[in-house]
Every structure is written in structure tokens, then in C-alpha cells.
file final-v5.pdb (PDB, C-alpha atoms, pLDDT in the B column)
ATOM      1  CA  MET A   1      78.765  64.570  95.141  1.00 62.00           C
ATOM      2  CA  LYS A   2      76.865  66.567  97.770  1.00 68.00           C
ATOM      3  CA  LYS A   3      79.768  66.097 100.176  1.00 67.00           C
ATOM      4  CA  TYR A   4      82.163  67.809  97.748  1.00 65.00           C
ATOM      5  CA  LEU A   5      79.763  70.668  97.061  1.00 71.00           C
ATOM      6  CA  ARG A   6      79.104  71.168 100.773  1.00 78.00           C
ATOM      7  CA  ASN A   7      82.819  71.176 101.590  1.00 85.00           C
ATOM      8  CA  PRO A   8      84.632  72.538  98.513  1.00 90.00           C
ATOM      9  CA  GLU A   9      87.627  73.791 100.466  1.00 92.00           C
ATOM     10  CA  GLU A  10      88.263  70.341 101.908  1.00 92.00           C
ATOM     11  CA  PHE A  11      88.072  68.739  98.468  1.00 91.00           C
ATOM     12  CA  LEU A  12      90.321  71.370  96.866  1.00 91.00           C
ATOM     13  CA  ALA A  13      92.832  71.213  99.723  1.00 93.00           C
ATOM     14  CA  ALA A  14      93.003  67.430  99.391  1.00 93.00           C
ATOM     15  CA  ILE A  15      93.594  67.673  95.632  1.00 94.00           C
ATOM     16  CA  ALA A  16      96.276  70.350  96.134  1.00 94.00           C
ATOM     17  CA  LEU A  17      97.978  68.298  98.853  1.00 95.00           C
ATOM     18  CA  LEU A  18      97.933  65.198  96.669  1.00 96.00           C
ATOM     19  CA  PHE A  19      99.432  67.156  93.758  1.00 94.00           C
ATOM     20  CA  MET A  20     102.037  68.758  96.015  1.00 94.00           C
ATOM     21  CA  THR A  21     103.030  65.397  97.486  1.00 94.00           C
ATOM     22  CA  LEU A  22     103.257  63.812  94.048  1.00 94.00           C
ATOM     23  CA  ILE A  23     105.565  66.451  92.554  1.00 93.00           C
ATOM     24  CA  ALA A  24     107.736  66.534  95.681  1.00 91.00           C
ATOM     25  CA  PHE A  25     108.036  62.725  95.493  1.00 92.00           C
ATOM     26  CA  ILE A  26     108.967  62.892  91.807  1.00 91.00           C
ATOM     27  CA  ASN A  27     111.652  65.451  92.653  1.00 91.00           C
ATOM     28  CA  VAL A  28     113.084  63.199  95.386  1.00 91.00           C
ATOM     29  CA  ILE A  29     113.199  60.249  92.971  1.00 92.00           C
ATOM     30  CA  ALA A  30     114.877  62.448  90.343  1.00 90.00           C
ATOM     31  CA  ARG A  31     117.477  63.556  92.880  1.00 89.00           C
ATOM     32  CA  TYR A  32     118.157  60.027  94.012  1.00 90.00           C
ATOM     33  CA  CYS A  33     118.203  58.340  90.576  1.00 90.00           C
ATOM     34  CA  PHE A  34     119.644  61.095  88.393  1.00 87.00           C
ATOM     35  CA  THR A  35     121.512  63.162  91.038  1.00 84.00           C
ATOM     36  CA  SER A  36     119.716  66.190  89.651  1.00 83.00           C
ATOM     37  CA  SER A  37     116.575  67.865  90.946  1.00 81.00           C
ATOM     38  CA  ILE A  38     113.718  69.220  88.897  1.00 85.00           C
ATOM     39  CA  SER A  39     113.998  72.896  89.767  1.00 81.00           C
ATOM     40  CA  PHE A  40     110.447  74.025  89.101  1.00 85.00           C
ATOM     41  CA  THR A  41     108.965  71.526  91.568  1.00 87.00           C
ATOM     42  CA  GLU A  42     110.282  73.441  94.582  1.00 86.00           C
ATOM     43  CA  GLU A  43     108.662  76.643  93.366  1.00 89.00           C
ATOM     44  CA  LEU A  44     105.402  74.862  92.614  1.00 91.00           C
ATOM     45  CA  VAL A  45     105.326  73.140  96.022  1.00 91.00           C
ATOM     46  CA  THR A  46     105.830  76.510  97.725  1.00 91.00           C
ATOM     47  CA  LYS A  47     102.969  78.069  95.759  1.00 92.00           C
ATOM     48  CA  MET A  48     100.693  75.126  96.545  1.00 93.00           C
ATOM     49  CA  PHE A  49     101.543  75.449 100.248  1.00 94.00           C
ATOM     50  CA  VAL A  50     100.003  78.950 100.220  1.00 94.00           C
ATOM     51  CA  LEU A  51      96.791  77.571  98.746  1.00 94.00           C
ATOM     52  CA  ILE A  52      96.608  74.708 101.240  1.00 95.00           C
ATOM     53  CA  SER A  53      97.240  77.101 104.140  1.00 95.00           C
ATOM     54  CA  LEU A  54      94.354  79.344 103.090  1.00 96.00           C
ATOM     55  CA  PHE A  55      91.977  76.440 102.560  1.00 95.00           C
ATOM     56  CA  GLY A  56      93.100  75.036 105.909  1.00 95.00           C
ATOM     57  CA  ALA A  57      92.143  78.303 107.584  1.00 95.00           C
ATOM     58  CA  ALA A  58      88.683  78.104 105.991  1.00 95.00           C
ATOM     59  CA  ILE A  59      88.297  74.498 107.135  1.00 94.00           C
ATOM     60  CA  ALA A  60      89.348  75.479 110.665  1.00 94.00           C
ATOM     61  CA  ALA A  61      86.809  78.330 110.667  1.00 93.00           C
ATOM     62  CA  LYS A  62      84.057  75.925 109.668  1.00 92.00           C
ATOM     63  CA  ARG A  63      85.061  73.419 112.347  1.00 91.00           C
ATOM     64  CA  ARG A  64      85.730  76.125 114.952  1.00 87.00           C
ATOM     65  CA  SER A  65      89.248  74.795 115.286  1.00 85.00           C
ATOM     66  CA  HIS A  66      91.181  78.056 115.212  1.00 80.00           C
ATOM     67  CA  LEU A  67      93.508  78.565 118.111  1.00 75.00           C
ATOM     68  CA  GLY A  68      92.052  80.660 120.838  1.00 76.00           C
ATOM     69  CA  LEU A  69      92.421  81.510 124.472  1.00 76.00           C
ATOM     70  CA  THR A  70      89.158  80.698 126.195  1.00 81.00           C
ATOM     71  CA  LEU A  71      90.263  81.696 129.669  1.00 82.00           C
ATOM     72  CA  ILE A  72      88.220  84.900 129.588  1.00 83.00           C
ATOM     73  CA  THR A  73      85.275  83.709 127.511  1.00 84.00           C
ATOM     74  CA  ASP A  74      84.803  80.604 129.692  1.00 85.00           C
ATOM     75  CA  SER A  75      84.264  82.834 132.714  1.00 88.00           C
ATOM     76  CA  LEU A  76      81.609  84.959 130.999  1.00 89.00           C
ATOM     77  CA  PRO A  77      77.868  84.339 131.274  1.00 91.00           C
ATOM     78  CA  GLU A  78      76.541  82.318 128.338  1.00 87.00           C
ATOM     79  CA  ARG A  79      74.703  85.229 126.711  1.00 87.00           C
ATOM     80  CA  THR A  80      77.738  87.534 126.923  1.00 91.00           C
ATOM     81  CA  ARG A  81      79.999  84.742 125.680  1.00 89.00           C
ATOM     82  CA  LYS A  82      77.801  84.379 122.607  1.00 90.00           C
ATOM     83  CA  TYR A  83      78.320  88.039 121.692  1.00 92.00           C
ATOM     84  CA  VAL A  84      82.041  87.989 122.393  1.00 91.00           C
ATOM     85  CA  VAL A  85      82.531  84.865 120.269  1.00 91.00           C
ATOM     86  CA  GLY A  86      80.249  86.271 117.561  1.00 92.00           C
ATOM     87  CA  SER A  87      82.248  89.501 117.543  1.00 93.00           C
ATOM     88  CA  GLY A  88      85.374  87.419 117.018  1.00 92.00           C
ATOM     89  CA  TYR A  89      83.751  85.732 114.016  1.00 94.00           C
ATOM     90  CA  ILE A  90      82.698  89.066 112.569  1.00 96.00           C
ATOM     91  CA  LEU A  91      86.147  90.627 113.073  1.00 96.00           C
ATOM     92  CA  SER A  92      87.744  87.561 111.490  1.00 95.00           C
ATOM     93  CA  ALA A  93      85.374  87.840 108.524  1.00 97.00           C
ATOM     94  CA  ILE A  94      86.234  91.538 108.139  1.00 98.00           C
ATOM     95  CA  PHE A  95      89.947  90.712 108.241  1.00 97.00           C
ATOM     96  CA  SER A  96      89.396  88.035 105.585  1.00 97.00           C
ATOM     97  CA  ILE A  97      87.471  90.462 103.374  1.00 98.00           C
ATOM     98  CA  VAL A  98      90.320  92.984 103.648  1.00 98.00           C
ATOM     99  CA  LEU A  99      92.765  90.188 102.768  1.00 98.00           C
ATOM    100  CA  MET A 100      90.569  89.264  99.804  1.00 98.00           C
ATOM    101  CA  TYR A 101      90.515  92.874  98.597  1.00 98.00           C
ATOM    102  CA  LEU A 102      94.266  93.347  98.950  1.00 98.00           C
ATOM    103  CA  GLY A 103      94.920  89.949  97.366  1.00 97.00           C
ATOM    104  CA  ALA A 104      92.735  90.921  94.409  1.00 98.00           C
ATOM    105  CA  LYS A 105      94.644  94.201  94.042  1.00 98.00           C
ATOM    106  CA  MET A 106      97.936  92.286  94.126  1.00 97.00           C
ATOM    107  CA  THR A 107      96.695  89.810  91.517  1.00 97.00           C
ATOM    108  CA  ILE A 108      95.474  92.587  89.208  1.00 97.00           C
ATOM    109  CA  TYR A 109      98.837  94.324  89.541  1.00 97.00           C
ATOM    110  CA  GLU A 110     100.730  91.109  88.752  1.00 97.00           C
ATOM    111  CA  PHE A 111      98.545  90.631  85.697  1.00 97.00           C
ATOM    112  CA  SER A 112      98.883  94.215  84.496  1.00 97.00           C
ATOM    113  CA  VAL A 113     102.694  94.287  84.669  1.00 97.00           C
ATOM    114  CA  GLY A 114     103.073  90.768  83.292  1.00 96.00           C
ATOM    115  CA  GLN A 115     105.060  89.561  86.281  1.00 96.00           C
ATOM    116  CA  LEU A 116     106.487  86.052  85.875  1.00 94.00           C
ATOM    117  CA  THR A 117     107.516  83.466  88.456  1.00 91.00           C
ATOM    118  CA  ALA A 118     111.252  83.117  89.033  1.00 87.00           C
ATOM    119  CA  GLY A 119     111.771  79.488  88.071  1.00 85.00           C
ATOM    120  CA  MET A 120     108.942  78.430  85.811  1.00 89.00           C
ATOM    121  CA  GLN A 121     108.439  81.798  84.115  1.00 92.00           C
ATOM    122  CA  TRP A 122     104.674  81.385  84.419  1.00 93.00           C
ATOM    123  CA  PRO A 123     102.412  84.392  84.987  1.00 95.00           C
ATOM    124  CA  GLU A 124     102.554  85.212  88.712  1.00 95.00           C
ATOM    125  CA  TRP A 125      98.856  86.130  88.839  1.00 96.00           C
ATOM    126  CA  ILE A 126      97.964  82.439  88.417  1.00 95.00           C
ATOM    127  CA  PHE A 127      99.374  81.833  91.886  1.00 95.00           C
ATOM    128  CA  GLY A 128      98.511  85.272  93.257  1.00 96.00           C
ATOM    129  CA  ILE A 129      94.839  84.552  92.773  1.00 96.00           C
ATOM    130  CA  TYR A 130      95.109  81.930  95.528  1.00 96.00           C
ATOM    131  CA  VAL A 131      95.025  84.726  98.125  1.00 97.00           C
ATOM    132  CA  PRO A 132      91.654  86.325  97.246  1.00 97.00           C
ATOM    133  CA  ILE A 133      90.058  82.934  96.572  1.00 96.00           C
ATOM    134  CA  GLY A 134      91.274  81.483  99.870  1.00 96.00           C
ATOM    135  CA  ALA A 135      90.292  84.631 101.768  1.00 97.00           C
ATOM    136  CA  ALA A 136      86.802  84.457 100.241  1.00 97.00           C
ATOM    137  CA  PHE A 137      86.396  80.917 101.576  1.00 96.00           C
ATOM    138  CA  ILE A 138      87.623  82.005 105.008  1.00 96.00           C
ATOM    139  CA  ALA A 139      85.293  85.030 105.113  1.00 97.00           C
ATOM    140  CA  PHE A 140      82.340  82.910 104.008  1.00 96.00           C
ATOM    141  CA  ARG A 141      82.948  80.337 106.736  1.00 95.00           C
ATOM    142  CA  PHE A 142      83.302  82.956 109.482  1.00 96.00           C
ATOM    143  CA  ILE A 143      80.133  84.724 108.306  1.00 96.00           C
ATOM    144  CA  MET A 144      78.249  81.415 108.291  1.00 94.00           C
ATOM    145  CA  GLU A 145      79.434  80.613 111.816  1.00 93.00           C
ATOM    146  CA  ALA A 146      78.333  84.065 113.022  1.00 94.00           C
ATOM    147  CA  ILE A 147      74.912  83.606 111.424  1.00 94.00           C
ATOM    148  CA  LYS A 148      74.517  80.172 113.037  1.00 93.00           C
ATOM    149  CA  LEU A 149      75.544  81.573 116.397  1.00 91.00           C
ATOM    150  CA  PHE A 150      73.231  84.604 116.344  1.00 90.00           C
ATOM    151  CA  THR A 151      70.214  82.757 114.897  1.00 91.00           C
ATOM    152  CA  ASN A 152      70.476  79.967 117.467  1.00 82.00           C
ATOM    153  CA  ARG A 153      71.146  77.358 114.786  1.00 73.00           C
ATOM    154  CA  ASP A 154      74.303  76.581 116.642  1.00 58.00           C
ATOM    155  CA  THR A 155      74.739  72.829 117.037  1.00 54.00           C
ATOM    156  CA  LYS A 156      78.395  72.785 118.144  1.00 54.00           C
ATOM    157  CA  GLN A 157      79.693  73.598 121.578  1.00 48.00           C
ATOM    158  CA  GLU A 158      80.618  77.180 122.251  1.00 47.00           C
ATOM    159  CA  GLY A 159      83.802  76.078 123.975  1.00 48.00           C
ATOM    160  CA  ASN A 160      85.815  76.166 120.731  1.00 49.00           C
ATOM    161  CA  GLU A 161      85.977  79.892 120.195  1.00 46.00           C
ATOM    162  CA  VAL A 162      88.126  81.965 117.918  1.00 42.00           C
TER     163      VAL A 162
END
call {"tool": "encode", "arguments": {"input": "final-v5.pdb", "output": "C-alpha cells"}}
result
Amino acid sequence: MKKYLRNPEEFLAAIALLFMTLIAFINVIARYCFTSSISFTEELVTKMFVLISLFGAAIAAKRRSHLGLTLITDSLPERTRKYVVGSGYILSAIFSIVLMYLGAKMTIYEFSVGQLTAGMQWPEWIFGIYVPIGAAFIAFRFIMEAIKLFTNRDTKQEGNEV
């Protein structure tokens, strides 16, 4: 249980991917057996892809697996590199917080106007809330990596920068 609480984004991404795979598989079977697709599954798979992408970004931040060009940072002295990499974490966290804020505004707007999804006619805010939740996970992970870096609790190599 501790593993799931320590890595909630990994657990939630796995559940979402499993659900997404299952409904896509059911749609393929329906197309093959009944020559008719289940229309709402395509919309649901697309919405779940957004959630998985955001959780994937949080997982990558935690693992320091985001793409980056280390050509410049590799040539810097170790102390300077630490501050450059840390600045990247902080800027990424700020970007994620802005994304969280704007995602929350979007979700509140969708709720207030009663916007519905095109196919399923479900409230759009149910899926819109994925953005601020995912961005919160991303911001948290970047902040934690910056704290580890600046408090010398850094156990990973500095070669995998943002």
C-alpha cells in the first residue's frame, strides 16, 4: 500500500491506461462482430489520453526523464550546473502552477455554463478537471526535485536534467 501512496500518479496512470485499453478493445470487438462501433468509446479514450499524458509528465519529472539538451550543462562546473538545473525545475514548477490555475479556470467555466461533451453528453468539467489535477502532480514533483537538489538530498545523477 505504501508503494501506491508514494507514487499515486503511477498507480492512477496505470488504472487509466488499463481502462482506456479495455474500452478500446471492446470497441474493436464490437466493430468486428457487429460491424458497428460504440461511438462514445472514442471520445472517452481521447479524454483518458489527456489524463495519462499529464500523469506521465509528473512521472517523468520524478524520474528526471524529461527530454533535455545537456550539451551546455555538461560543460558547466558542478556547482553552477546545480543552479542551472535547479532553475529549470523551478521554472517548470511555475509553468505547471500556471497550467493548474488556467485549467481550474477552464473547469469552473465549463461547470458554470453547463457545457456537455459532444458524444456522451456528460458534463465537460468532469474531464476538464484532469488538467489542474495533472498539473498539480507535475508541479509537486518538480518542486520536490528542486528541494532535493538544493538541500543536497540528491541521490540521482545530475546528468538527467530538464
call {"tool": "residues_around", "arguments": {"input": "final-v5.pdb", "residues": "range 46-62 of chain A", "least_positions_apart": "4", "cutoff": "8 Å", "atoms": "all atoms listed in the file", "output": "number ranges by chain"}}
result
A: 9-10, 12-13, 16-17, 20, 42, 66, 127, 130-131, 134-135, 137-139, 141-142, 145
call {"tool": "atom_distance", "arguments": {"input": "final-v5.pdb", "atom1": "CA of Phe95 in chain A", "atom2": "CA of Ile108 in chain A"}}
result
19.9 Å
call {"tool": "atom_distance", "arguments": {"input": "final-v5.pdb", "atom1": "CA of Glu124 in chain A", "atom2": "CA of Glu110 in chain A"}}
result
6.2 Å
call {"tool": "axis_aligned_box", "arguments": {"input": "final-v5.pdb", "around": "range 118-137 of chain A", "padding_each_side": "8 Å", "output": "JSON"}}
result
{"center_x": 99.1, "center_y": 82.4, "center_z": 92.9, "size_x": 41.4, "size_y": 23.9, "size_z": 33.7}
call {"tool": "atom_distance", "arguments": {"input": "final-v5.pdb", "atom1": "CA of Thr80 in chain A", "atom2": "CA of Leu99 in chain A"}}
result
28.6 Å
